[in-house]
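*Asks:* Dropping the structure in here first, questions after.
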Amino acid sequence: MTKKVLITGITGMVGSHLVDYLLKKTNWKIFGMCRWRSPLDNVSHLLNIANKEKKLRFLYGDLNDIFSLEEVIKISKPNYVFHLAAQSYPQTSLTEPIQTLNTNIIGTYNLLNVIKKSNNNPIIHICSSSEVFGKVDKKNVPIHEECSYHPASPYAISKVGTDLIGKYFYEAYGMKVVTTRMFTHTGPRRGDVFAESS
């Protein structure tokens, strides 16, 4: 039976590279969740494949719209979920803190809760951030998983929330949640709002 994977944030830098990798290395059916207003620049080379809806299909969904999430999970019935969607710009979080907290914390809760209520039991990867560590005491460098949280922006705070929500669904409901705390990464398709790009 063909495995099915859902990638939230498929139009972002990481999501677009992940779908390229999965298309090349697997025979999985890939569903990519994106908002209706998501720029398609990073996945423009895949639109012909997506339009055929055989190996790749885009589904409209928003982390803050539970009905759209229910539809995405109902259609995709994923074996794996890569949750990459987020308000991911620390600088933007300073001017739009509520939107950042809603998207990253409440949105992650919404997604996991919809999955919990479905008949699926996928392996879920949640993308957190090294920003949760903030300023780290020199004695804890290199940073390790036991370092305490010390977030220094609304974005970092939102990623602490994302971390803890994943842990909660794992501990409370036995869901198969794995969280990674990504450190700075860059490359082709990186948005120009990031320092490395600009």
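For the structure tokens, the naming scheme is as follows: chains receive sequential letters (A, B, ...) according to their order of presentation, residues are indexed from 1 within each chain, and ligands are indexed from 1 in presentation order.
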Looking only at strand (DSSP E or B) from DSSP on the backbone, list the matching residues of stretch 37-198 of chain A as a JSON list (two decimals) with N, CA, C and O atoms, in the first residue's frame.

*Replies:*
```json
[["chain", "number", "residue", "atom", "x", "y", "z"],
["A", 56, "LEU", "N", 1.43, 14.10, -6.40],
["A", 56, "LEU", "CA", 1.47, 15.33, -5.60],
["A", 56, "LEU", "C", 0.16, 16.08, -5.76],
["A", 56, "LEU", "O", -0.33, 16.27, -6.87],
["A", 57, "ARG", "N", -0.38, 16.49, -4.62],
["A", 57, "ARG", "CA", -1.63, 17.26, -4.65],
["A", 57, "ARG", "C", -1.56, 18.36, -3.61],
["A", 57, "ARG", "O", -1.19, 18.12, -2.45],
["A", 58, "PHE", "N", -1.91, 19.57, -4.03],
["A", 58, "PHE", "CA", -1.98, 20.69, -3.09],
["A", 58, "PHE", "C", -3.40, 20.77, -2.52],
["A", 58, "PHE", "O", -4.38, 20.64, -3.26],
["A", 59, "LEU", "N", -3.47, 20.99, -1.22],
["A", 59, "LEU", "CA", -4.76, 21.16, -0.54],
["A", 59, "LEU", "C", -4.75, 22.50, 0.18],
["A", 59, "LEU", "O", -3.76, 22.84, 0.84],
["A", 60, "TYR", "N", -5.83, 23.23, 0.04],
["A", 60, "TYR", "CA", -5.93, 24.51, 0.74],
["A", 60, "TYR", "C", -6.31, 24.27, 2.19],
["A", 60, "TYR", "O", -7.24, 23.53, 2.49],
["A", 80, "TYR", "N", 2.31, 9.96, 7.46],
["A", 80, "TYR", "CA", 3.33, 10.85, 8.00],
["A", 80, "TYR", "C", 2.87, 12.29, 7.83],
["A", 80, "TYR", "O", 2.26, 12.64, 6.81],
["A", 81, "VAL", "N", 3.17, 13.11, 8.83],
["A", 81, "VAL", "CA", 2.89, 14.55, 8.74],
["A", 81, "VAL", "C", 4.19, 15.29, 9.06],
["A", 81, "VAL", "O", 4.80, 15.05, 10.11],
["A", 82, "PHE", "N", 4.58, 16.16, 8.16],
["A", 82, "PHE", "CA", 5.69, 17.08, 8.42],
["A", 82, "PHE", "C", 5.06, 18.46, 8.63],
["A", 82, "PHE", "O", 4.61, 19.08, 7.67],
["A", 83, "HIS", "N", 5.02, 18.89, 9.88],
["A", 83, "HIS", "CA", 4.39, 20.17, 10.21],
["A", 83, "HIS", "C", 5.43, 21.28, 10.16],
["A", 83, "HIS", "O", 6.16, 21.54, 11.12],
["A", 123, "ILE", "N", 2.79, 9.27, 12.05],
["A", 123, "ILE", "CA", 4.00, 9.79, 12.68],
["A", 123, "ILE", "C", 4.06, 11.27, 12.31],
["A", 123, "ILE", "O", 3.97, 11.62, 11.14],
["A", 124, "ILE", "N", 4.19, 12.12, 13.32],
["A", 124, "ILE", "CA", 4.12, 13.57, 13.12],
["A", 124, "ILE", "C", 5.45, 14.21, 13.49],
["A", 124, "ILE", "O", 5.94, 14.04, 14.60],
["A", 125, "HIS", "N", 6.01, 14.93, 12.54],
["A", 125, "HIS", "CA", 7.21, 15.72, 12.80],
["A", 125, "HIS", "C", 6.79, 17.17, 13.01],
["A", 125, "HIS", "O", 6.12, 17.75, 12.15],
["A", 126, "ILE", "N", 7.16, 17.74, 14.14],
["A", 126, "ILE", "CA", 6.88, 19.14, 14.42],
["A", 126, "ILE", "C", 8.20, 19.90, 14.36],
["A", 126, "ILE", "O", 9.17, 19.53, 15.02],
["A", 127, "CYS", "N", 8.20, 20.94, 13.57],
["A", 127, "CYS", "CA", 9.40, 21.76, 13.39],
["A", 127, "CYS", "C", 9.39, 22.91, 14.40],
["A", 127, "CYS", "O", 8.62, 23.84, 14.28],
["A", 128, "SER", "N", 10.26, 22.80, 15.39],
["A", 128, "SER", "CA", 10.44, 23.89, 16.35],
["A", 128, "SER", "C", 11.69, 24.66, 15.93],
["A", 128, "SER", "O", 12.10, 24.61, 14.78],
["A", 129, "SER", "N", 12.30, 25.35, 16.86],
["A", 129, "SER", "CA", 13.42, 26.22, 16.51],
["A", 129, "SER", "C", 14.42, 26.31, 17.66],
["A", 129, "SER", "O", 14.04, 26.27, 18.83],
["A", 176, "LYS", "N", 2.18, 9.80, 17.98],
["A", 176, "LYS", "CA", 3.58, 9.62, 17.59],
["A", 176, "LYS", "C", 4.15, 10.95, 17.09],
["A", 176, "LYS", "O", 4.19, 11.22, 15.90],
["A", 177, "VAL", "N", 4.57, 11.79, 18.05],
["A", 177, "VAL", "CA", 5.05, 13.13, 17.75],
["A", 177, "VAL", "C", 6.55, 13.21, 17.99],
["A", 177, "VAL", "O", 7.04, 12.82, 19.05],
["A", 178, "VAL", "N", 7.28, 13.69, 16.99],
["A", 178, "VAL", "CA", 8.71, 13.93, 17.10],
["A", 178, "VAL", "C", 8.94, 15.42, 16.84],
["A", 178, "VAL", "O", 8.43, 15.96, 15.84],
["A", 179, "THR", "N", 9.65, 16.09, 17.72],
["A", 179, "THR", "CA", 9.92, 17.52, 17.56],
["A", 179, "THR", "C", 11.40, 17.73, 17.31],
["A", 179, "THR", "O", 12.24, 17.16, 18.02],
["A", 180, "THR", "N", 11.71, 18.55, 16.31],
["A", 180, "THR", "CA", 13.10, 18.95, 16.07],
["A", 180, "THR", "C", 13.21, 20.44, 16.29],
["A", 180, "THR", "O", 12.26, 21.19, 16.03],
["A", 181, "ARG", "N", 14.34, 20.87, 16.79],
["A", 181, "ARG", "CA", 14.60, 22.30, 16.99],
["A", 181, "ARG", "C", 15.65, 22.71, 15.98],
["A", 181, "ARG", "O", 16.84, 22.56, 16.20],
["A", 182, "MET", "N", 15.18, 23.26, 14.88],
["A", 182, "MET", "CA", 16.06, 23.59, 13.76],
["A", 182, "MET", "C", 16.90, 24.82, 14.09],
["A", 182, "MET", "O", 16.37, 25.81, 14.57]]
```

*Asks:* Need the shell around stretch 41-45 of chain A: protein/DNA/RNA residues with any atom at most 8 Å away, counting only C-alpha atoms. Skip same-chain ones fewer than 5 positions apart. Format as an mmCIF file with N, CA and C atoms, in the first residue's frame?

*Replies:*
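As a result, around-v8.cif now contains:
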```
data_model
loop_
_atom_site.group_PDB
_atom_site.id
_atom_site.type_symbol
_atom_site.label_atom_id
_atom_site.label_comp_id
_atom_site.auth_asym_id
_atom_site.auth_seq_id
_atom_site.Cartn_x
_atom_site.Cartn_y
_atom_site.Cartn_z
ATOM 1 N N ILE A 10 4.210 23.598 2.617
ATOM 2 C CA ILE A 10 4.942 23.030 1.477
ATOM 3 C C ILE A 10 5.544 24.106 0.579
ATOM 4 N N THR A 11 4.996 25.314 0.599
ATOM 5 C CA THR A 11 5.495 26.372 -0.286
ATOM 6 C C THR A 11 6.687 27.132 0.298
ATOM 7 N N GLY A 12 7.052 26.839 1.538
ATOM 8 C CA GLY A 12 8.216 27.485 2.144
ATOM 9 C C GLY A 12 9.515 26.865 1.662
ATOM 10 N N MET A 13 10.622 27.425 2.106
ATOM 11 C CA MET A 13 11.924 26.924 1.674
ATOM 12 C C MET A 13 12.098 25.451 2.043
ATOM 13 N N SER A 16 9.472 23.050 0.368
ATOM 14 C CA SER A 16 9.677 22.845 -1.068
ATOM 15 C C SER A 16 10.853 21.907 -1.342
ATOM 16 N N ARG A 189 15.870 29.361 -2.376
ATOM 17 C CA ARG A 189 14.452 29.559 -2.037
ATOM 18 C C ARG A 189 14.247 30.197 -0.661
#
```

*Asks:* Using only C-alpha atoms, which residues sit within 6 Å of stretch 106-113 of chain A once same-chain residues fewer than 4 positions away are excluded, as a list in words?

*Replies:*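 My list of contacting residues is Leu63, Asn64 and Asn102 of chain A.
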
*Asks:* Since we have the selection now, will you write its residues out, keeping N, CA, C and O atoms, as a PDB file, in the first residue's frame?

*Replies:*
```pdb
ATOM      1  N   LEU A  63      -3.946  26.844   9.388  1.00  0.00           N
ATOM      2  CA  LEU A  63      -3.832  26.328  10.748  1.00  0.00           C
ATOM      3  C   LEU A  63      -4.867  26.919  11.696  1.00  0.00           C
ATOM      4  O   LEU A  63      -5.205  26.309  12.706  1.00  0.00           O
ATOM      5  N   ASN A  64      -5.362  28.099  11.375  1.00  0.00           N
ATOM      6  CA  ASN A  64      -6.346  28.746  12.241  1.00  0.00           C
ATOM      7  C   ASN A  64      -7.778  28.566  11.745  1.00  0.00           C
ATOM      8  O   ASN A  64      -8.675  29.249  12.208  1.00  0.00           O
ATOM      9  N   ASN A 102      -0.845  33.007  17.512  1.00  0.00           N
ATOM     10  CA  ASN A 102      -2.012  32.261  17.021  1.00  0.00           C
ATOM     11  C   ASN A 102      -1.615  31.196  16.017  1.00  0.00           C
ATOM     12  O   ASN A 102      -2.061  30.049  16.098  1.00  0.00           O
TER      13      ASN A 102
END
```

*Asks:* Taking only C-alpha atoms into account, produce a table as a Markdown table in which each residue of stretch 121-179 of chain A with an atom at most 8 Å from an atom of stretch 94-98 of chain A appears once, together with its shortest atom pair and the distance in Å to one decimal, ordered by chain and rising number.

*Replies:*
```
| residue | atom | partner | partner_atom | distance |
| --- | --- | --- | --- | --- |
| A:Ser153 | CA | A:Leu94 | CA | 6.9 |
| A:Pro154 | CA | A:Pro97 | CA | 5.7 |
| A:Tyr155 | CA | A:Pro97 | CA | 7.5 |
```

*Asks:* Dump N, CA and C atoms for the selected residues as an mmCIF file, in the first residue's frame?

*Replies:*
```cif
data_model
loop_
_atom_site.group_PDB
_atom_site.id
_atom_site.type_symbol
_atom_site.label_atom_id
_atom_site.label_comp_id
_atom_site.auth_asym_id
_atom_site.auth_seq_id
_atom_site.Cartn_x
_atom_site.Cartn_y
_atom_site.Cartn_z
ATOM 1 N N SER A 153 11.977 36.546 21.907
ATOM 2 C CA SER A 153 11.075 37.240 20.976
ATOM 3 C C SER A 153 9.735 36.514 20.989
ATOM 4 N N PRO A 154 8.669 37.176 20.529
ATOM 5 C CA PRO A 154 7.397 36.464 20.421
ATOM 6 C C PRO A 154 7.502 35.214 19.545
ATOM 7 N N TYR A 155 8.344 35.258 18.505
ATOM 8 C CA TYR A 155 8.550 34.069 17.673
ATOM 9 C C TYR A 155 9.111 32.932 18.522
#
```

*Asks:* Could you check how far atom CA of A:Lys138 sits from atom CA of A:Lys167, in Å to one decimal?

*Replies:* 27.1 Å

*Asks:* Which residues are close to A:Lys77, i.e. within 10 Å by only C-alpha atoms, leaving aside same-chain residues fewer than 2 positions away? Reply as a ChimeraX atom specification.

*Replies:* /A:3-6,31,71-75,79-81,115,118-122

*Asks:* Would you please extract all alpha helix (DSSP H) residues from chain A, as assigned by DSSP on the backbone, and give them as a PyMOL selection string?

*Replies:* chain A and resi 13-25+47-52+66-76+90-95+97-101+107-117+154-173

*Asks:* Given the selection you just returned, output its residues as a file containing C-alpha atoms, formatted as a CSV table (one decimal), in the first residue's frame.

*Replies:*
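Output file out34.csv follows:
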```csv
chain,number,residue,atom,x,y,z
A,13,MET,CA,11.9,26.9,1.7
A,14,VAL,CA,12.2,23.7,3.8
A,15,GLY,CA,8.8,22.4,2.6
A,16,SER,CA,9.7,22.8,-1.1
A,17,HIS,CA,13.0,21.1,-0.7
A,18,LEU,CA,11.4,18.3,1.3
A,19,VAL,CA,8.8,17.6,-1.4
A,20,ASP,CA,11.6,17.6,-4.0
A,21,TYR,CA,13.4,15.0,-1.9
A,22,LEU,CA,10.3,12.8,-1.4
A,23,LEU,CA,9.4,12.9,-5.1
A,24,LYS,CA,12.9,11.7,-6.0
A,25,LYS,CA,13.4,9.1,-3.2
A,47,LEU,CA,2.8,22.7,-10.7
A,48,ASN,CA,2.5,20.3,-13.7
A,49,ILE,CA,2.9,17.3,-11.4
A,50,ALA,CA,0.5,18.8,-8.8
A,51,ASN,CA,-2.1,19.6,-11.5
A,52,LYS,CA,-2.2,15.8,-12.4
A,66,ILE,CA,-10.3,24.0,11.9
A,67,PHE,CA,-12.8,23.2,9.1
A,68,SER,CA,-10.1,23.4,6.5
A,69,LEU,CA,-7.8,21.3,8.6
A,70,GLU,CA,-10.5,18.6,9.0
A,71,GLU,CA,-10.9,18.5,5.2
A,72,VAL,CA,-7.2,18.3,4.7
A,73,ILE,CA,-6.9,15.3,7.0
A,74,LYS,CA,-10.0,13.7,5.6
A,75,ILE,CA,-8.6,13.9,2.1
A,76,SER,CA,-5.0,13.1,2.8
A,90,PRO,CA,11.4,36.5,14.2
A,91,GLN,CA,11.4,40.2,13.2
A,92,THR,CA,7.8,40.0,12.0
A,93,SER,CA,6.9,38.6,15.4
A,94,LEU,CA,7.9,41.9,17.0
A,95,THR,CA,5.3,43.8,14.9
A,97,PRO,CA,3.0,39.1,18.0
A,98,ILE,CA,-0.6,38.0,18.2
A,99,GLN,CA,-0.7,36.6,14.7
A,100,THR,CA,2.6,34.8,15.4
A,101,LEU,CA,1.3,33.2,18.6
A,107,GLY,CA,-2.4,26.5,14.9
A,108,THR,CA,-0.3,23.6,16.0
A,109,TYR,CA,-2.8,22.7,18.6
A,110,ASN,CA,-5.6,22.8,16.0
A,111,LEU,CA,-3.7,20.5,13.6
A,112,LEU,CA,-2.8,17.9,16.3
A,113,ASN,CA,-6.3,18.0,17.7
A,114,VAL,CA,-7.9,17.4,14.3
A,115,ILE,CA,-5.4,14.5,13.7
A,116,LYS,CA,-6.3,13.1,17.2
A,117,LYS,CA,-10.0,13.1,16.3
A,154,PRO,CA,7.4,36.5,20.4
A,155,TYR,CA,8.5,34.1,17.7
A,156,ALA,CA,10.8,32.2,20.1
A,157,ILE,CA,8.0,32.1,22.7
A,158,SER,CA,5.6,30.7,20.0
A,159,LYS,CA,8.1,27.9,19.3
A,160,VAL,CA,8.3,27.1,23.0
A,161,GLY,CA,4.5,26.7,22.8
A,162,THR,CA,4.8,24.6,19.7
A,163,ASP,CA,7.4,22.3,21.4
A,164,LEU,CA,5.2,21.9,24.5
A,165,ILE,CA,2.0,21.2,22.5
A,166,GLY,CA,3.8,18.4,20.6
A,167,LYS,CA,5.0,17.0,23.9
A,168,TYR,CA,1.5,17.3,25.4
A,169,PHE,CA,-0.2,15.3,22.6
A,170,TYR,CA,2.5,12.7,22.8
A,171,GLU,CA,2.2,12.2,26.6
A,172,ALA,CA,-1.6,12.7,27.0
A,173,TYR,CA,-2.8,10.8,23.9
```

*Asks:* One decimal, Å: what's the distance from atom CA of A:Gln87 over to atom CA of A:Arg35, could you say?

*Replies:*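 Distance between the two atoms: 12.5 Å.
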
*Asks:* Can you measure atom CA of A:Cys147 to atom CA of A:Gly134 for me? One decimal in Å is fine.

*Replies:*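 Computed distance, atom CA of A:Cys147 to atom CA of A:Gly134, equals 10.1 Å.
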